[in-house]
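Here's the structure we're looking at; comments come further down.
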Amino acid sequence: MQLFLDLMLELASLIELLAQPRRIVITTHHKPDGDAMGSSLGLYNYLIQQDHHVKVITPTDYPDFLAWLPGNGEVIIYTDNIDAATVLVANAELVFCLDFNALSRINELGELVRQSGAVKIMIDHHLDPEDFDDYRYWNINACATAQLVYTFIADKLGNNAMINKDIATCLYTGIMTDSASFRLPNTTADVHRIVADLIDAGAVNWRIHELVYNNASECKLRFLGHCLSEKLEVLYEFNTAIITVTKEELEKYDVITGDTEGIVNYALSIAGIRLAAFIVERTDKVKLSLRSRGEFPANDICKKYFNGGGHRNAAGGTSTGTLEEVIKQFKLILPEYKKLLIQ
Ligand code: 5GP
Ligand code: MN
């Protein structure tokens, strides 16, 4: 089976395009996570070495625990700089789309990218890519988009020697966060070899762990405590655990972007639990984060019922219903999956 698909634009043409300085935009998904920012800034730090004019544009803000990443100071957040971002996308010669594969994942920025005359390059590891790109480097077996950025630079472009400390730091962060610290099944020996190469290139692994994982506010920890002691519900009949949070609770604990990340994994860490959900009431909609173990397809539930998607073991979606309605709907869906959940 061919794992990497080169569609439409030939690699040789892309290499030729990159042979002279270009106006380049790199963008990534709504509420970027460690892989979204790590892969985007990894590629950014590679491309600026070659005198391209490069801007990373994110559709929304992202957690403070990623703000130390090399190149972060140059990132443009679309919602804070709509005019500047619009001009940059309209004038771009190349747009790299990282860690997403449907333009709806980048909100209003999606239409701007669709309308732009730029060559669009998708680098991604999510299922079911949408057809908006001119060149695609896509592999659902990759544990992170940062892994694909590494192989894109090293194998496709043949520039392994140009992977410096900044690039290595960003890519290490992406692989570490998306593989849940090298724990998920797709953290293969090849991934460990890539990670070793990144450490050789200057990524300081223990320091990156400190910066990402030991960087919480007191509020974040107290909110986590509240979720675990008061809001965790274990549905043993379905080997499922859920944590639900209201808007008022988010306000009470001063929860900011990034503070809710990872809470769902605590629910999944209970022995025997195969599916965990974190369901949170946001201002305009209810957001669901699902995690599963083994073969259980969390993305199936998100795709079918909650306008979302993702990976088999980590998926997300949204609903315009009330929090109570969404919780009820989620529980009503479980019997459909009972066989898979209790086997
Ligand atoms: P999280 O639960 O951390 O928000 O997301 C987990 C995974 O699901 C990520 O891979 C993310 O890309 C995907 N995901 C989260 N929300 C959505 C969504 O609304 N739509 C789609 N298609 N994927 C999502
Ligand atoms: Mn990813």
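Just remember, in the structure tokens the first chain shown is A, the second B, etc., residues are 1-based per chain, and ligands are 1-based in the order shown.
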
In segment 158-266 of chain A, what's helix (DSSP H, G or I) per DSSP? Answer as JSON, numbers by chain?
{"A": [160, 161, 162, 165, 166, 167, 168, 169, 170, 171, 172, 173, 174, 175, 176, 177, 178, 189, 190, 191, 192, 193, 194, 195, 196, 197, 198, 199, 200, 205, 206, 207, 208, 209, 210, 211, 212, 213, 218, 219, 220, 221, 222, 223, 224, 225, 226, 227, 228, 229, 230, 231, 236, 237, 238, 247, 248, 249, 250, 251, 252, 263, 264, 265, 266]}

Cut-off 6 Å: closest chain A/ligand 1 atom pairs per residue, using only C-alpha atoms and all ligand atoms, as CSV:
residue,atom,partner,partner_atom_place_in_ligand_line,distance
A:Ser289,CA,ligand 1,2 (O),3.6
A:Leu290,CA,ligand 1,2 (O),5.8
A:Gly308,CA,ligand 1,20 (N),3.4
A:Gly309,CA,ligand 1,22 (N),3.7
A:Gly310,CA,ligand 1,8 (O),3.7
A:His311,CA,ligand 1,10 (O),5.7
A:Ala314,CA,ligand 1,6 (C),4.7
A:Ala315,CA,ligand 1,8 (O),3.2
A:Gly316,CA,ligand 1,15 (C),3.4
A:Gly317,CA,ligand 1,19 (O),3.8
A:Thr318,CA,ligand 1,19 (O),5.7

Go ahead and write the selection's residues with N, CA, C and O atoms as a short mmCIF file (atom, residue, chain, number, x, y, z; two decimals), in the first residue's frame.
data_model
loop_
_atom_site.label_atom_id
_atom_site.label_comp_id
_atom_site.auth_asym_id
_atom_site.auth_seq_id
_atom_site.Cartn_x
_atom_site.Cartn_y
_atom_site.Cartn_z
N SER A 289 -15.22 16.63 23.46
CA SER A 289 -13.91 16.00 23.20
C SER A 289 -14.03 14.55 23.59
O SER A 289 -14.33 14.25 24.75
N LEU A 290 -13.80 13.67 22.64
CA LEU A 290 -13.92 12.23 22.93
C LEU A 290 -12.55 11.55 22.85
O LEU A 290 -11.74 11.90 21.98
N GLY A 308 -18.50 16.72 13.62
CA GLY A 308 -17.06 16.76 13.88
C GLY A 308 -16.33 15.60 13.24
O GLY A 308 -16.73 15.05 12.22
N GLY A 309 -15.24 15.22 13.86
CA GLY A 309 -14.41 14.13 13.33
C GLY A 309 -13.15 14.02 14.15
O GLY A 309 -13.13 14.39 15.31
N GLY A 310 -12.09 13.56 13.50
CA GLY A 310 -10.81 13.40 14.21
C GLY A 310 -10.24 12.03 13.96
O GLY A 310 -10.45 11.43 12.90
N HIS A 311 -9.52 11.53 14.94
CA HIS A 311 -8.90 10.21 14.82
C HIS A 311 -9.74 9.17 15.55
O HIS A 311 -10.64 9.51 16.30
N ALA A 314 -9.09 9.81 19.28
CA ALA A 314 -9.19 11.20 19.76
C ALA A 314 -9.98 11.99 18.74
O ALA A 314 -9.54 12.18 17.61
N ALA A 315 -11.17 12.42 19.15
CA ALA A 315 -12.02 13.12 18.19
C ALA A 315 -12.80 14.21 18.90
O ALA A 315 -12.84 14.27 20.13
N GLY A 316 -13.40 15.08 18.10
CA GLY A 316 -14.14 16.18 18.69
C GLY A 316 -15.29 16.60 17.81
O GLY A 316 -15.36 16.24 16.63
N GLY A 317 -16.21 17.36 18.38
CA GLY A 317 -17.34 17.85 17.62
C GLY A 317 -18.07 18.91 18.41
O GLY A 317 -17.67 19.26 19.53
N THR A 318 -19.14 19.44 17.82
CA THR A 318 -19.92 20.49 18.48
C THR A 318 -21.40 20.24 18.27
O THR A 318 -21.80 19.45 17.41
#

Expected answer as a PyMOL selection string: residues within 12 Å of ligand 2, only C-alpha atoms and all ligand atoms:
chain A and resi 28-30+32-40+97-101+123-127+138-149+171+173-180+310-311+314-315

Write out the residues from the selection above, keeping C-alpha atoms, as a PDB file, in the first residue's frame.
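Produced file part.pdb, reproduced below:
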ATOM      1  CA  THR A  28      -3.608  25.425  11.030  1.00  0.00           C
ATOM      2  CA  HIS A  29      -6.850  24.434  12.729  1.00  0.00           C
ATOM      3  CA  HIS A  30      -9.275  26.244  15.074  1.00  0.00           C
ATOM      4  CA  PRO A  32      -4.523  25.105  17.712  1.00  0.00           C
ATOM      5  CA  ASP A  33      -2.999  22.432  19.933  1.00  0.00           C
ATOM      6  CA  GLY A  34       0.646  21.411  20.415  1.00  0.00           C
ATOM      7  CA  ASP A  35       0.826  19.591  17.091  1.00  0.00           C
ATOM      8  CA  ALA A  36      -0.892  22.397  15.178  1.00  0.00           C
ATOM      9  CA  MET A  37       1.538  25.020  16.538  1.00  0.00           C
ATOM     10  CA  GLY A  38       4.574  22.705  16.634  1.00  0.00           C
ATOM     11  CA  SER A  39       4.189  21.599  13.021  1.00  0.00           C
ATOM     12  CA  SER A  40       3.366  25.136  11.789  1.00  0.00           C
ATOM     13  CA  CYS A  97      -2.450  23.862   5.484  1.00  0.00           C
ATOM     14  CA  LEU A  98      -1.167  21.927   8.487  1.00  0.00           C
ATOM     15  CA  ASP A  99      -2.927  19.471  10.815  1.00  0.00           C
ATOM     16  CA  PHE A 100      -6.369  19.827   9.222  1.00  0.00           C
ATOM     17  CA  ASN A 101      -7.934  18.687   5.972  1.00  0.00           C
ATOM     18  CA  ILE A 123       0.259  18.259   5.318  1.00  0.00           C
ATOM     19  CA  ASP A 124      -2.002  16.258   7.602  1.00  0.00           C
ATOM     20  CA  HIS A 125      -2.843  12.991   9.374  1.00  0.00           C
ATOM     21  CA  HIS A 126      -6.651  13.160   9.748  1.00  0.00           C
ATOM     22  CA  LEU A 127      -9.135  10.914   7.954  1.00  0.00           C
ATOM     23  CA  TRP A 138      -1.002  12.972   3.983  1.00  0.00           C
ATOM     24  CA  ASN A 139      -0.696   9.859   6.117  1.00  0.00           C
ATOM     25  CA  ILE A 140      -3.232   8.785   8.717  1.00  0.00           C
ATOM     26  CA  ASN A 141      -0.659   6.454  10.277  1.00  0.00           C
ATOM     27  CA  ALA A 142       1.506   9.382  11.336  1.00  0.00           C
ATOM     28  CA  CYS A 143       1.255  10.095  15.057  1.00  0.00           C
ATOM     29  CA  ALA A 144       1.462  13.836  14.461  1.00  0.00           C
ATOM     30  CA  THR A 145       1.559  16.339  11.637  1.00  0.00           C
ATOM     31  CA  ALA A 146       4.930  17.356  13.098  1.00  0.00           C
ATOM     32  CA  GLN A 147       6.193  13.876  12.164  1.00  0.00           C
ATOM     33  CA  LEU A 148       5.085  14.530   8.575  1.00  0.00           C
ATOM     34  CA  VAL A 149       6.759  17.957   8.538  1.00  0.00           C
ATOM     35  CA  LEU A 171       8.588  19.369  15.860  1.00  0.00           C
ATOM     36  CA  THR A 173       6.618  19.500  20.816  1.00  0.00           C
ATOM     37  CA  GLY A 174       4.132  18.476  18.119  1.00  0.00           C
ATOM     38  CA  ILE A 175       5.073  14.799  18.273  1.00  0.00           C
ATOM     39  CA  MET A 176       5.168  14.756  22.090  1.00  0.00           C
ATOM     40  CA  THR A 177       1.717  16.326  22.513  1.00  0.00           C
ATOM     41  CA  ASP A 178      -0.125  14.437  19.752  1.00  0.00           C
ATOM     42  CA  SER A 179       1.298  11.068  20.807  1.00  0.00           C
ATOM     43  CA  ALA A 180       0.285  11.761  24.451  1.00  0.00           C
ATOM     44  CA  GLY A 310     -10.808  13.402  14.209  1.00  0.00           C
ATOM     45  CA  HIS A 311      -8.895  10.210  14.821  1.00  0.00           C
ATOM     46  CA  ALA A 314      -9.189  11.198  19.755  1.00  0.00           C
ATOM     47  CA  ALA A 315     -12.023  13.117  18.186  1.00  0.00           C
TER      48      ALA A 315
END

Nearby residues (only C-alpha atoms) at most 10 Å from segment 334-336 of chain A, same-chain spacing under 6 positions excluded, as a PyMOL selection string:
chain A and resi 235+237-240+275+301

Give me the residues near segment 325-328 of chain A as a PyMOL selection string, where near means some atom within 12 Å (using only C-alpha atoms) and where sequence neighbours in that chain fewer than 3 positions away do not count.
chain A and resi 233+241-246+277-281+285-288+305-306+317-322+331-334

What's the separation between atom CA of Tyr253 of chain A and atom CA of Tyr62 of chain A, in Å to one decimal place?
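One can read the atom CA of Tyr253 of chain A to atom CA of Tyr62 of chain A distance as 18.5 Å.
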
Within 12 Å of Val204 of chain A, counting only C-alpha atoms, which residues show up once you throw out same-chain ones fewer than 3 positions away? Write them as a PyMOL selection string, please.
chain A and resi 165-173+195-201+207-211

Could you take the residues named above and write them with C-alpha atoms, as a short mmCIF file (atom, residue, chain, number, x, y, z; two decimals), in the first residue's frame?
data_model
loop_
_atom_site.label_atom_id
_atom_site.label_comp_id
_atom_site.auth_asym_id
_atom_site.auth_seq_id
_atom_site.Cartn_x
_atom_site.Cartn_y
_atom_site.Cartn_z
CA LYS A 165 17.45 23.66 17.11
CA ASP A 166 14.35 25.84 16.57
CA ILE A 167 12.80 23.48 14.02
CA ALA A 168 13.67 20.46 16.18
CA THR A 169 12.14 22.06 19.28
CA CYS A 170 8.85 22.80 17.49
CA LEU A 171 8.59 19.37 15.86
CA TYR A 172 9.45 17.57 19.11
CA THR A 173 6.62 19.50 20.82
CA VAL A 195 12.57 12.01 17.97
CA ALA A 196 16.17 10.91 18.61
CA ASP A 197 17.21 12.85 15.51
CA LEU A 198 15.35 15.93 16.81
CA ILE A 199 17.19 15.67 20.14
CA ASP A 200 20.48 15.39 18.24
CA ALA A 201 19.46 18.51 16.30
CA ARG A 207 12.85 21.20 29.06
CA ILE A 208 10.04 20.90 26.49
CA HIS A 209 8.17 18.55 28.85
CA GLU A 210 8.60 21.11 31.66
CA LEU A 211 7.36 24.00 29.52
#

Could you go through segment 10-233 of chain A and tell me which residues DSSP, when run on the backbone, assigns to strand (DSSP E), listing them as a PyMOL selection string?
chain A and resi 23-28+53-58+76-77+94-98+119-124+135-138+232-233

Contact residues around Val54 of chain A with only C-alpha atoms at 7 Å, ignoring same-chain residues under 2 positions, as an MDAnalysis selection string
chainID A and resid 23:25 44 48 52 56

Mind dumping the selected residues with N, CA, C and O atoms as a PDB file, in the first residue's frame?
ATOM      1  N   ARG A  23       6.157  34.374  -1.200  1.00  0.00           N
ATOM      2  CA  ARG A  23       5.277  34.843  -0.117  1.00  0.00           C
ATOM      3  C   ARG A  23       4.452  33.638   0.329  1.00  0.00           C
ATOM      4  O   ARG A  23       3.669  33.083  -0.444  1.00  0.00           O
ATOM      5  N   ILE A  24       4.674  33.236   1.582  1.00  0.00           N
ATOM      6  CA  ILE A  24       4.082  31.977   2.059  1.00  0.00           C
ATOM      7  C   ILE A  24       3.252  32.219   3.318  1.00  0.00           C
ATOM      8  O   ILE A  24       3.669  32.945   4.223  1.00  0.00           O
ATOM      9  N   VAL A  25       2.064  31.606   3.360  1.00  0.00           N
ATOM     10  CA  VAL A  25       1.252  31.591   4.583  1.00  0.00           C
ATOM     11  C   VAL A  25       1.159  30.141   5.056  1.00  0.00           C
ATOM     12  O   VAL A  25       0.980  29.224   4.249  1.00  0.00           O
ATOM     13  N   TYR A  44       7.693  26.840   9.633  1.00  0.00           N
ATOM     14  CA  TYR A  44       8.034  28.279   9.559  1.00  0.00           C
ATOM     15  C   TYR A  44       9.541  28.473   9.739  1.00  0.00           C
ATOM     16  O   TYR A  44      10.194  29.139   8.934  1.00  0.00           O
ATOM     17  N   ILE A  48      11.928  30.100   6.747  1.00  0.00           N
ATOM     18  CA  ILE A  48      12.571  31.429   6.858  1.00  0.00           C
ATOM     19  C   ILE A  48      14.078  31.355   6.622  1.00  0.00           C
ATOM     20  O   ILE A  48      14.698  32.335   6.252  1.00  0.00           O
ATOM     21  N   HIS A  52      12.337  32.977   2.351  1.00  0.00           N
ATOM     22  CA  HIS A  52      10.937  33.182   1.986  1.00  0.00           C
ATOM     23  C   HIS A  52      10.336  34.195   2.951  1.00  0.00           C
ATOM     24  O   HIS A  52      10.816  34.363   4.083  1.00  0.00           O
ATOM     25  N   VAL A  56       2.771  32.660   9.862  1.00  0.00           N
ATOM     26  CA  VAL A  56       1.843  31.657  10.392  1.00  0.00           C
ATOM     27  C   VAL A  56       0.585  32.414  10.814  1.00  0.00           C
ATOM     28  O   VAL A  56       0.666  33.387  11.579  1.00  0.00           O
TER      29      VAL A  56
END

Report, in Å with one decimal, the straight-line distance from atom CA of Leu11 of chain A to atom CA of Glu111 of chain A.
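Between atom CA of Leu11 of chain A and atom CA of Glu111 of chain A the gap works out to 25.8 Å.
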
Point out the residue among A:Asn45, A:Asn307, A:Gln50, A:Thr79 with the least atom-to-atom distance to Ala19 of chain A, counting only C-alpha atoms.
A:Gln50

Return the single residue from A:Leu340, A:Pro59, A:Thr260, A:Trp68 that is closest to Arg293 of chain A, with distances computed using only C-alpha atoms.
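Among the listed residues, A:Leu340 lies closest to Arg293 of chain A.
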
From atom CA of Gly71 of chain A to atom CA of Glu16 of chain A the spacing works out at 25.5 Å

Distance query segment 213-228 of chain A at most 9 Å, only C-alpha atoms, self and fewer than 6 positions along chain excluded, as a ChimeraX atom specification
/A:64-65,243-245,249-250,252-256,259-260,263,266-267

Expected file: the selected residues, C-alpha atoms, as a PDB file, in the first residue's frame:
ATOM      1  CA  ASP A  64      -0.312  30.038  26.745  1.00  0.00           C
ATOM      2  CA  PHE A  65       1.725  26.882  27.348  1.00  0.00           C
ATOM      3  CA  ILE A 243     -17.197  14.930  32.506  1.00  0.00           C
ATOM      4  CA  THR A 244     -19.575  17.803  31.796  1.00  0.00           C
ATOM      5  CA  VAL A 245     -18.973  21.485  32.495  1.00  0.00           C
ATOM      6  CA  GLU A 249     -18.229  26.713  36.102  1.00  0.00           C
ATOM      7  CA  LEU A 250     -15.783  27.954  33.436  1.00  0.00           C
ATOM      8  CA  LYS A 252     -16.096  30.524  38.403  1.00  0.00           C
ATOM      9  CA  TYR A 253     -12.675  28.915  37.885  1.00  0.00           C
ATOM     10  CA  ASP A 254     -11.384  31.590  35.460  1.00  0.00           C
ATOM     11  CA  VAL A 255     -10.804  28.899  32.866  1.00  0.00           C
ATOM     12  CA  ILE A 256      -8.820  30.144  29.852  1.00  0.00           C
ATOM     13  CA  ASP A 259      -7.045  24.855  30.674  1.00  0.00           C
ATOM     14  CA  THR A 260      -9.549  22.174  29.641  1.00  0.00           C
ATOM     15  CA  ILE A 263      -8.981  16.584  31.330  1.00  0.00           C
ATOM     16  CA  TYR A 266      -8.321  11.361  33.321  1.00  0.00           C
ATOM     17  CA  ALA A 267     -11.763   9.931  32.615  1.00  0.00           C
TER      18      ALA A 267
END

Leu18 of chain A proximity check over A:Arg282, A:Glu93, A:Ala84, A:Leu69, using only C-alpha atoms: winner is A:Glu93
